[in-house]
$ cat structure18.txt   # compact mmCIF, C-alpha atoms
# COMPACT_ATOMS: atom_id res chain seq x y z
CA MET A 39 28.15 32.33 9.37
CA ASN A 40 30.21 29.19 8.83
CA SER A 41 31.22 26.48 11.25
CA ALA A 42 34.88 27.46 11.49
CA PHE A 43 36.49 27.84 14.88
CA ASP A 44 36.77 31.60 15.55
CA VAL A 45 39.70 32.34 17.86
CA GLU A 46 38.80 36.00 18.32
CA ALA A 47 35.18 35.21 19.18
CA TYR A 48 36.36 32.52 21.58
CA ARG A 49 38.78 34.90 23.27
CA ALA A 50 36.09 37.57 23.73
CA LEU A 51 33.70 35.20 25.49
CA GLU A 52 36.20 33.00 27.33
CA VAL A 53 37.01 35.57 30.02
CA PHE A 54 33.36 35.56 31.13
CA ILE A 55 33.06 31.78 30.92
CA ARG A 56 36.21 31.39 33.01
CA PHE A 57 34.70 33.58 35.71
CA PHE A 58 31.49 31.55 35.72
CA TYR A 59 33.46 28.27 35.76
CA GLU A 60 35.85 29.15 38.57
CA LYS A 61 33.87 31.57 40.73
CA TRP A 62 30.17 32.13 40.09
CA LEU A 63 29.14 28.52 39.37
CA ALA A 64 32.19 26.82 40.97
CA VAL A 65 32.09 23.99 38.45
CA LYS A 66 33.29 20.59 39.66
CA ALA A 67 34.30 18.35 36.76
CA ILE A 68 34.83 14.63 37.37
CA GLY A 69 36.47 12.31 34.84
CA LEU A 70 37.76 14.87 32.32
CA ALA A 71 40.62 12.49 31.54
CA ASN A 72 38.04 10.09 30.04
CA ILE A 73 37.93 12.42 27.05
CA PRO A 74 40.74 11.24 24.74
CA GLY A 75 43.65 13.55 23.99
CA ASP A 76 43.47 12.62 20.31
CA GLY A 77 41.20 10.80 17.91
CA LYS A 78 37.47 10.97 17.32
CA ALA A 79 34.70 10.49 19.85
CA VAL A 80 30.96 11.03 20.15
CA LEU A 81 30.05 12.89 23.33
CA PHE A 82 26.45 13.05 24.55
CA GLY A 83 24.70 14.38 27.62
CA ASN A 84 21.69 16.03 29.18
CA HIS A 85 20.98 19.59 28.09
CA SER A 86 19.23 22.39 29.93
CA GLY A 87 19.35 25.95 31.10
CA VAL A 88 17.56 27.98 28.37
CA LEU A 89 20.96 29.19 27.10
CA PRO A 90 23.61 26.54 26.29
CA LEU A 91 26.05 27.61 28.98
CA ASP A 92 26.76 23.99 29.94
CA GLY A 93 28.63 23.38 26.69
CA CYS A 94 30.78 26.48 27.16
CA LEU A 95 31.61 25.42 30.72
CA LEU A 96 32.70 21.97 29.57
CA TYR A 97 34.86 23.56 26.90
CA ASP A 98 36.53 25.79 29.47
CA GLY A 99 37.20 22.75 31.65
CA ILE A 100 38.85 20.92 28.75
CA ILE A 101 40.99 23.90 27.74
CA ASN A 102 42.23 24.63 31.25
CA ASN A 103 42.17 21.29 33.09
CA HIS A 104 42.64 18.49 30.56
CA PRO A 105 46.15 17.00 30.15
CA ASN A 106 45.85 17.46 26.37
CA PRO A 107 43.47 20.41 25.69
CA ARG A 108 41.54 20.24 22.44
CA ARG A 109 38.40 21.72 20.96
CA ILE A 110 34.96 20.17 20.98
CA ARG A 111 32.46 20.67 18.16
CA PHE A 112 28.99 21.17 19.66
CA LEU A 113 25.89 20.66 17.53
CA MET A 114 23.72 23.76 17.85
CA THR A 115 20.30 24.78 16.54
CA ASP A 116 20.20 27.33 13.71
CA PHE A 117 18.17 29.69 15.89
CA LEU A 118 21.10 30.17 18.26
CA ARG A 119 23.78 30.05 15.57
CA LYS A 120 22.13 32.94 13.74
CA ALA A 121 21.28 34.98 16.85
CA PRO A 122 22.97 38.40 17.06
CA VAL A 123 26.16 38.50 19.16
CA ILE A 124 25.63 35.18 20.95
CA GLY A 125 25.63 33.18 17.71
CA LYS A 126 29.08 34.42 16.67
CA SER A 127 30.43 33.84 20.16
CA LEU A 128 29.12 30.26 20.30
CA CYS A 129 30.59 29.50 16.89
CA GLY A 130 33.88 30.71 18.32
CA PHE A 131 33.54 27.94 20.89
CA GLY A 132 33.33 25.39 18.09
CA CYS A 133 29.57 25.09 17.61
CA VAL A 134 28.42 23.72 14.26
CA PRO A 135 25.00 23.15 12.61
CA ALA A 136 22.93 20.39 14.18
CA ASP A 137 23.23 18.28 11.04
CA TYR A 138 23.99 14.58 10.83
CA GLU A 139 26.22 14.90 7.75
CA VAL A 140 28.21 17.69 9.38
CA SER A 141 28.76 15.58 12.50
CA THR A 142 29.96 12.48 10.62
CA LYS A 143 32.36 14.52 8.48
CA LEU A 144 33.89 16.00 11.63
CA LEU A 145 34.20 12.55 13.20
CA ASP A 146 35.92 11.29 10.05
CA LYS A 147 38.46 14.06 10.67
CA ASP A 148 39.10 12.75 14.20
CA GLU A 149 37.21 15.55 15.94
CA LEU A 150 35.31 15.44 19.23
CA VAL A 151 31.62 15.99 18.46
CA PHE A 152 29.14 16.70 21.26
CA PHE A 153 25.51 15.73 20.67
CA TYR A 154 22.77 16.94 23.01
CA PRO A 155 20.12 14.33 22.16
CA GLU A 156 17.37 16.15 24.12
CA ALA A 157 17.85 19.06 21.70
CA GLU A 158 15.53 22.08 22.12
CA GLU A 159 13.16 20.10 24.31
CA GLY A 160 15.97 19.83 26.85
CA THR A 161 16.91 23.50 26.96
CA GLY A 162 13.24 24.48 26.86
CA LYS A 163 12.27 22.24 29.78
CA LEU A 164 10.08 23.88 32.42
CA PHE A 165 11.52 24.19 35.92
CA LYS A 166 8.99 21.70 37.27
CA ASP A 167 10.36 19.12 34.83
CA ARG A 168 14.03 19.66 35.66
CA TYR A 169 16.29 16.61 35.44
CA LYS A 170 13.59 14.53 33.76
CA LEU A 171 15.22 13.44 30.51
CA VAL A 172 13.02 13.75 27.43
CA ASP A 173 13.29 11.38 24.47
CA PHE A 174 16.75 11.26 22.91
CA HIS A 175 17.26 12.03 19.24
CA PRO A 176 19.02 8.99 17.69
CA GLY A 177 21.65 10.95 15.74
CA PHE A 178 24.49 10.39 18.21
CA VAL A 179 24.12 6.61 18.14
CA ARG A 180 23.79 6.58 14.35
CA ALA A 181 26.96 8.66 14.02
CA ALA A 182 28.91 6.48 16.47
CA ILE A 183 28.00 3.26 14.65
CA ALA A 184 28.55 4.74 11.19
CA THR A 185 32.01 6.14 11.98
CA GLY A 186 33.21 3.62 14.57
CA ALA A 187 33.74 6.42 17.10
CA PRO A 188 33.78 5.65 20.84
CA VAL A 189 30.90 7.11 22.85
CA ILE A 190 31.43 9.21 25.97
CA PRO A 191 28.50 10.15 28.25
CA ILE A 192 28.57 13.44 30.17
CA LEU A 193 26.01 14.25 32.87
CA THR A 194 25.50 17.77 34.23
CA VAL A 195 23.71 18.74 37.44
CA GLY A 196 22.88 22.39 38.05
CA GLY A 197 22.13 23.49 34.51
CA ASP A 198 18.38 23.04 34.92
CA GLU A 199 18.33 25.74 37.59
CA ILE A 200 20.69 28.49 36.42
CA TYR A 201 17.87 29.99 34.32
CA PRO A 202 14.65 28.64 35.88
CA LEU A 203 12.15 28.36 33.04
CA LEU A 204 8.79 29.30 34.54
CA ALA A 205 6.82 29.43 31.29
CA ASN A 206 7.19 29.06 27.55
CA LEU A 207 5.31 31.66 25.48
CA LYS A 208 4.60 29.45 22.48
CA PRO A 209 2.76 32.11 20.39
CA ILE A 210 5.78 34.42 20.57
CA ALA A 211 8.13 31.51 19.92
CA LYS A 212 6.19 30.66 16.77
CA LEU A 213 6.19 34.30 15.66
CA MET A 214 9.96 34.55 16.18
CA ASP A 215 10.58 31.11 14.64
CA ALA A 216 12.22 30.06 17.91
CA PRO A 217 12.11 26.64 19.59
CA TYR A 218 10.72 28.31 22.75
CA TRP A 219 10.30 31.78 24.25
CA PRO A 220 11.31 31.69 27.93
CA ILE A 221 9.90 33.43 30.96
CA THR A 222 12.43 33.33 33.80
CA PRO A 223 12.69 35.27 37.09
CA PHE A 224 14.81 37.83 35.22
CA TYR A 225 13.60 37.69 31.60
CA PRO A 226 11.97 39.81 30.24
CA LEU A 227 11.65 41.94 33.40
CA LEU A 228 15.30 43.01 33.58
CA PRO A 229 17.29 44.63 30.76
CA PHE A 230 20.21 42.93 29.03
CA PRO A 231 22.77 41.86 30.26
CA PHE A 232 21.21 41.48 33.72
CA ASN A 233 18.51 39.14 32.42
CA ALA A 234 21.23 36.81 31.10
CA ILE A 235 23.13 36.40 34.39
CA PRO A 236 22.71 32.81 35.63
CA LEU A 237 21.81 32.03 39.21
CA PRO A 238 24.92 30.98 41.19
CA ILE A 239 23.99 27.30 41.23
CA LYS A 240 26.99 25.04 41.79
CA ILE A 241 27.54 22.91 38.71
CA LEU A 242 28.68 19.30 38.60
CA MET A 243 29.89 17.69 35.35
CA CYS A 244 30.65 13.98 35.29
CA VAL A 245 32.37 12.40 32.28
CA GLY A 246 31.78 8.68 31.86
CA LYS A 247 34.08 5.96 30.58
CA PRO A 248 34.29 5.67 26.77
CA PHE A 249 32.62 2.65 25.21
CA LYS A 250 32.24 1.32 21.67
CA LEU A 251 29.13 0.32 19.77
CA ASP A 252 30.75 -2.50 17.83
CA PHE A 253 28.26 -3.01 15.04
CA PRO A 254 28.63 -2.92 11.25
CA PRO A 255 28.26 0.64 9.87
CA GLU A 256 25.13 -0.33 7.95
CA LYS A 257 23.32 -0.94 11.26
CA SER A 258 23.27 2.85 11.70
CA GLU A 259 20.41 2.91 9.17
CA ASP A 260 18.32 0.36 11.09
CA HIS A 261 15.85 2.63 12.90
CA ASP A 262 14.48 0.05 15.33
CA PHE A 263 17.95 -1.21 16.21
CA VAL A 264 19.28 2.31 16.84
CA THR A 265 16.18 3.30 18.82
CA GLU A 266 16.65 0.34 21.18
CA ILE A 267 20.21 1.45 21.96
CA VAL A 268 19.19 5.11 22.35
CA ASN A 269 16.40 4.25 24.79
CA GLU A 270 18.75 2.10 26.88
CA LEU A 271 21.38 4.84 27.07
CA ARG A 272 18.70 7.33 28.07
CA ARG A 273 17.45 4.95 30.78
CA GLN A 274 20.94 4.52 32.22
CA SER A 275 21.59 8.26 32.05
CA GLN A 276 18.41 8.98 34.00
CA LEU A 277 19.35 6.48 36.71
CA LYS A 278 22.84 7.92 37.07
CA LEU A 279 21.50 11.49 37.05
CA ASP A 280 19.06 10.57 39.82
CA GLY A 281 21.97 9.10 41.78
CA LEU A 282 23.98 12.30 41.47
CA LEU A 283 21.02 14.40 42.62
CA LYS A 284 20.81 12.35 45.81
CA LEU A 285 24.36 13.43 46.66
CA ARG A 286 23.55 17.13 46.45
CA GLY A 287 22.78 19.36 49.39
CA SER A 288 21.69 22.89 48.56
CA PRO A 289 21.91 23.85 44.86
CA PHE A 290 23.94 26.86 46.03
CA SER A 291 26.46 24.79 48.01
CA LYS A 292 29.67 23.29 46.66
CA TRP A 293 29.66 19.57 45.95
CA ASN A 294 31.13 17.02 48.33
CA SER A 295 34.11 15.75 46.31
CA GLU A 296 34.54 12.56 48.32
CA LYS A 297 30.92 11.45 47.88
CA VAL A 298 30.83 12.30 44.17
CA ASN A 299 34.11 10.54 43.41
CA GLU A 300 33.00 7.44 45.30
CA TYR A 301 29.69 7.29 43.43
CA TRP A 302 31.13 8.06 39.98
CA ALA A 303 33.84 5.42 40.31
CA THR A 304 31.19 2.84 39.43
CA ALA A 305 28.47 5.00 37.84
CA SER A 306 30.86 6.24 35.13
CA VAL A 307 30.54 2.87 33.36
CA TYR A 308 27.69 2.40 30.85
CA SER A 309 26.51 -0.99 29.63
CA PRO A 310 25.20 -0.56 26.07
CA PRO A 311 23.15 -3.37 24.49
CA SER A 312 25.39 -6.01 22.93
$ encode --input "structure18.txt" --output "C-alpha cells"
Amino acid sequence: MNSAFDVEAYRALEVFIRFFYEKWLAVKAIGLANIPGDGKAVLFGNHSGVLPLDGCLLYDGIINNHPNPRRIRFLMTDFLRKAPVIGKSLCGFGCVPADYEVSTKLLDKDELVFFYPEAEEGTGKLFKDRYKLVDFHPGFVRAAIATGAPVIPILTVGGDEIYPLLANLKPIAKLMDAPYWPITPFYPLLPFPFNAIPLPIKILMCVGKPFKLDFPPEKSEDHDFVTEIVNELRRQSQLKLDGLLKLRGSPFSKWNSEKVNEYWATASVYSPPS
C-alpha cells in the first residue's frame, strides 16, 4: 500500500463521514479559513477516539466548507495503514506513513501535513484520562523549522468520548503487534459494524491562527531547543482545551456558537517561544 491519494477509496468512505459530520456528530468547525488555500503548512492537534475519525471529520470540513478545498496528508501508524479495509480507506483520505522524511518531502511540495504529536498514546488514552494531553512527539516542530512551514494548531473536543476506552488489553495488543487493544462499551461485545459506530457526541473543532517558527533550519536538529518549543505548545494547547471544555454543556448537546466564537477569538492565537 503506497501513500498515494486514492479517489475511489475516498469516495467510498466519504458518504459515511459526511453523515457523521452533518448529522450524527453535528460537527462545529471554527476557524477553517485559518488553513491556507495554497502553500505548505504543519498542522498539529490533540488525538483521541480509538479510531482516527477526527482526522476524517476535519478533512470533510475542508472539502465541503473551506473557500479553497484541498487535501490534507495525515501521518498514520503502520498498524492502521495496513489494517484490512480501514487502511485502504484511510489512505484514500490522504494518510501517509508516520515518518519524518515523508512529512518533510510533502511539505517541500507545498502540501498540508497533519501531525498528531500524541500519537498512539493519544488514541489509546483511557476514558478516565480524556482531554489530558500526553507528551508531544517533537516531529512536527522539527519539520516546521526545517522546512520553514507555518504551524497551525487544531483542537478537538468530543473525540475522547465517541469510543470510550474502558480498558487496554496489553497482552493481546502485544500479540497482535498493535499499539493498544481497546475494550469499549461496544467492542468486542457487538459484531462489526455495530461495534464501530461512534456515540453521538457533538464534536467541536477549533483551528488556530497560523504562526511561524523563525529559526535557522539547522535548529531542527537541536533536541533540547525543539523540546522546549514542543513543551510550550503542549502547555498552551492544554490550557485552551480546558477553556473549551468549560463552555460545553452535555456532550450530547450542540455547542453554543456565540460562546465558542467569543472564546476562540482570542484563544486561537498561540505564542511560541521566541
$ closest_atom_pairs --input "structure18.txt" --of "stretch 90-205 of chain A" --to "stretch 222-226 of chain A" --cutoff "7 Å" --atoms "only C-alpha atoms" --output "JSON lines"
{"residue": "A:Tyr201", "atom": "CA", "partner": "A:Thr222", "partner_atom": "CA", "distance": 6.4}
{"residue": "A:Pro202", "atom": "CA", "partner": "A:Thr222", "partner_atom": "CA", "distance": 5.6}
{"residue": "A:Leu203", "atom": "CA", "partner": "A:Thr222", "partner_atom": "CA", "distance": 5.0}
{"residue": "A:Leu204", "atom": "CA", "partner": "A:Thr222", "partner_atom": "CA", "distance": 5.5}
$ atom_distance --input "structure18.txt" --atom1 "atom CA of A:Phe153" --atom2 "atom CA of A:Pro254"
21.1 Å
$ residues_around --input "structure18.txt" --residues "A:Trp302" --least-positions-apart "3" --cutoff "10 Å" --atoms "only C-alpha atoms" --output "PyMOL selection string"
chain A and resi 68-69+244-246+278+281-282+297-299+305-307
$ residues_around --input "structure18.txt" --residues "stretch 168-185 of chain A" --least-positions-apart "5" --cutoff "7 Å" --atoms "all atoms listed in the file" --output "number ranges by chain"
A: 80, 138, 142, 145-146, 153, 155-156, 160, 163, 198, 251, 253, 255-256, 258, 264-265, 268, 272, 276
$ write_last_selection --input "structure18.txt" --atoms "C-alpha atoms" --output "tab-separated table (two decimals), in the coordinates of the input"
chain	number	residue	atom	x	y	z
A	80	VAL	CA	30.96	11.03	20.15
A	138	TYR	CA	23.99	14.58	10.83
A	142	THR	CA	29.96	12.48	10.62
A	145	LEU	CA	34.20	12.55	13.20
A	146	ASP	CA	35.92	11.29	10.05
A	153	PHE	CA	25.51	15.73	20.67
A	155	PRO	CA	20.12	14.33	22.16
A	156	GLU	CA	17.37	16.15	24.12
A	160	GLY	CA	15.97	19.83	26.85
A	163	LYS	CA	12.27	22.24	29.78
A	198	ASP	CA	18.38	23.04	34.92
A	251	LEU	CA	29.13	0.32	19.77
A	253	PHE	CA	28.26	-3.01	15.04
A	255	PRO	CA	28.26	0.64	9.87
A	256	GLU	CA	25.13	-0.33	7.95
A	258	SER	CA	23.27	2.85	11.70
A	264	VAL	CA	19.28	2.31	16.84
A	265	THR	CA	16.18	3.30	18.82
A	268	VAL	CA	19.19	5.11	22.35
A	272	ARG	CA	18.70	7.33	28.07
A	276	GLN	CA	18.41	8.98	34.00
$ axis_aligned_box --input "structure18.txt" --around "stretch 59-68 of chain A" --padding-each-side "4 Å" --output "lines of an AutoDock Vina configuration file"
center_x = 32.5
center_y = 23.4
center_z = 38.4
size_x = 14.7
size_y = 25.5
size_z = 13.2
$ residues_near_point --input "structure18.txt" --point "(34.0, 36.0, 26.5)" --cutoff "12 Å" --atoms "only C-alpha atoms" --output "MDAnalysis selection string"
chainID A and resid 45:58 91 94:95 98 123:124 126:128 130:131
$ closest_residue --input "structure18.txt" --among "A:Val65, A:Leu96, A:Val195, A:Ile190" --to "A:Asn84" --atoms "all atoms listed in the file"
A:Val195
$ closest_residue --input "structure18.txt" --among "A:Leu193, A:Leu70, A:Ile200, A:Leu213" --to "A:Leu271" --atoms "all atoms listed in the file"
A:Leu193
$ closest_residue --input "structure18.txt" --among "A:Asp137, A:Met243, A:Asp116, A:Thr161" --to "A:Tyr97" --atoms "only C-alpha atoms"
A:Met243
$ closest_residue --input "structure18.txt" --among "A:Glu60, A:Asp76, A:Glu199, A:Glu149" --to "A:Pro236" --atoms "only C-alpha atoms"
A:Glu199
$ closest_residue --input "structure18.txt" --among "A:Ile192, A:Leu164, A:Leu227, A:Cys129" --to "A:Phe152" --atoms "all atoms listed in the file"
A:Ile192
$ residues_around --input "structure18.txt" --residues "stretch 108-114 of chain A" --least-positions-apart "6" --cutoff "6 Å" --atoms "all atoms listed in the file" --output "ChimeraX atom specification"
/A:132-136,150-153
$ atom_distance --input "structure18.txt" --atom1 "atom CA of A:Gly75" --atom2 "atom CA of A:Tyr301"
24.7 Å
$ atom_distance --input "structure18.txt" --atom1 "atom CA of A:Lys66" --atom2 "atom CA of A:Thr194"
9.9 Å
$ residues_near_point --input "structure18.txt" --point "(22.9, 22.2, 46.3)" --cutoff "12 Å" --atoms "all atoms listed in the file" --output "JSON, numbers by chain"
{"A": [63, 64, 195, 196, 197, 199, 200, 238, 239, 240, 241, 242, 282, 283, 284, 285, 286, 287, 288, 289, 290, 291, 292, 293, 294]}
$ closest_residue --input "structure18.txt" --among "A:Ala211, A:Ala187, A:Lys147, A:Ser141" --to "A:Asp252" --atoms "all atoms listed in the file"
A:Ala187
$ residues_around --input "structure18.txt" --residues "A:Ser309" --least-positions-apart "6" --cutoff "9 Å" --atoms "only C-alpha atoms" --output "MDAnalysis selection string"
chainID A and resid 249 270:271 274
$ decode --input "structure18.txt" --residues "stretch 105-116 of chain A" --atoms "all heavy atoms" --output "compact mmCIF listing (two decimals), in the first residue's frame"
# COMPACT_ATOMS: atom_id res chain seq x y z
N PRO A 105 -13.15 27.78 1.71
CA PRO A 105 -13.26 28.55 0.46
C PRO A 105 -12.39 28.00 -0.66
O PRO A 105 -12.69 28.22 -1.84
CB PRO A 105 -12.83 29.97 0.87
CG PRO A 105 -12.12 29.81 2.18
CD PRO A 105 -12.73 28.63 2.84
N ASN A 106 -11.31 27.30 -0.32
CA ASN A 106 -10.45 26.70 -1.35
C ASN A 106 -10.11 25.27 -0.91
O ASN A 106 -9.05 25.02 -0.35
CB ASN A 106 -9.17 27.52 -1.53
CG ASN A 106 -8.31 26.99 -2.67
OD1 ASN A 106 -8.82 26.36 -3.60
ND2 ASN A 106 -7.02 27.23 -2.60
N PRO A 107 -11.02 24.31 -1.12
CA PRO A 107 -10.82 22.93 -0.63
C PRO A 107 -9.53 22.32 -1.16
O PRO A 107 -9.17 22.49 -2.33
CB PRO A 107 -12.04 22.19 -1.20
CG PRO A 107 -13.06 23.24 -1.43
CD PRO A 107 -12.29 24.45 -1.84
N ARG A 108 -8.83 21.61 -0.28
CA ARG A 108 -7.61 20.93 -0.66
C ARG A 108 -7.39 19.75 0.28
O ARG A 108 -7.98 19.68 1.35
CB ARG A 108 -6.42 21.88 -0.62
CG ARG A 108 -6.22 22.58 0.73
CD ARG A 108 -5.15 23.64 0.69
NE ARG A 108 -3.86 23.10 0.30
CZ ARG A 108 -2.70 23.63 0.66
NH1 ARG A 108 -2.68 24.74 1.39
NH2 ARG A 108 -1.56 23.10 0.28
N ARG A 109 -6.55 18.84 -0.12
CA ARG A 109 -6.34 17.65 0.70
C ARG A 109 -5.35 17.91 1.83
O ARG A 109 -4.52 18.83 1.76
CB ARG A 109 -5.85 16.49 -0.16
CG ARG A 109 -4.46 16.66 -0.73
CD ARG A 109 -4.09 15.49 -1.60
NE ARG A 109 -2.75 15.64 -2.15
CZ ARG A 109 -2.20 14.78 -3.03
NH1 ARG A 109 -2.91 13.75 -3.44
NH2 ARG A 109 -0.98 14.97 -3.48
N ILE A 110 -5.44 17.09 2.84
CA ILE A 110 -4.51 17.12 3.96
C ILE A 110 -3.84 15.74 4.05
O ILE A 110 -4.51 14.71 3.91
CB ILE A 110 -5.24 17.41 5.29
CG1 ILE A 110 -5.95 18.77 5.23
CG2 ILE A 110 -4.27 17.38 6.47
CD1 ILE A 110 -6.78 19.08 6.45
N ARG A 111 -2.56 15.72 4.27
CA ARG A 111 -1.84 14.46 4.42
C ARG A 111 -1.64 14.18 5.91
O ARG A 111 -0.88 14.86 6.59
CB ARG A 111 -0.48 14.51 3.70
CG ARG A 111 -0.54 15.05 2.28
CD ARG A 111 -1.65 14.44 1.43
NE ARG A 111 -1.47 13.03 1.20
CZ ARG A 111 -0.85 12.52 0.12
NH1 ARG A 111 -0.38 13.34 -0.81
NH2 ARG A 111 -0.74 11.23 -0.03
N PHE A 112 -2.36 13.20 6.43
CA PHE A 112 -2.29 12.83 7.84
C PHE A 112 -1.21 11.77 8.04
O PHE A 112 -1.15 10.79 7.29
CB PHE A 112 -3.63 12.27 8.32
CG PHE A 112 -4.78 13.23 8.22
CD1 PHE A 112 -5.55 13.31 7.08
CD2 PHE A 112 -5.08 14.07 9.28
CE1 PHE A 112 -6.61 14.19 6.99
CE2 PHE A 112 -6.14 14.96 9.20
CZ PHE A 112 -6.90 15.02 8.05
N LEU A 113 -0.39 11.94 9.06
CA LEU A 113 0.57 10.90 9.43
C LEU A 113 -0.16 9.82 10.22
O LEU A 113 -0.86 10.12 11.19
CB LEU A 113 1.71 11.49 10.25
CG LEU A 113 2.52 12.61 9.60
CD1 LEU A 113 3.74 12.93 10.45
CD2 LEU A 113 2.95 12.25 8.19
N MET A 114 0.02 8.56 9.81
CA MET A 114 -0.75 7.48 10.42
C MET A 114 0.15 6.27 10.69
O MET A 114 1.00 5.92 9.87
CB MET A 114 -1.91 7.07 9.50
CG MET A 114 -2.80 5.99 10.07
SD MET A 114 -4.26 5.67 9.03
CE MET A 114 -3.48 5.07 7.53
N THR A 115 -0.06 5.63 11.85
CA THR A 115 0.72 4.47 12.23
C THR A 115 0.57 3.33 11.22
O THR A 115 -0.49 3.16 10.60
CB THR A 115 0.30 3.97 13.63
OG1 THR A 115 1.01 2.78 13.94
CG2 THR A 115 -1.19 3.68 13.67
N ASP A 116 1.63 2.54 11.06
CA ASP A 116 1.60 1.42 10.12
C ASP A 116 0.51 0.41 10.48
O ASP A 116 -0.04 -0.25 9.59
CB ASP A 116 2.96 0.72 10.09
CG ASP A 116 3.97 1.48 9.25
OD1 ASP A 116 3.55 2.38 8.48
OD2 ASP A 116 5.16 1.18 9.34
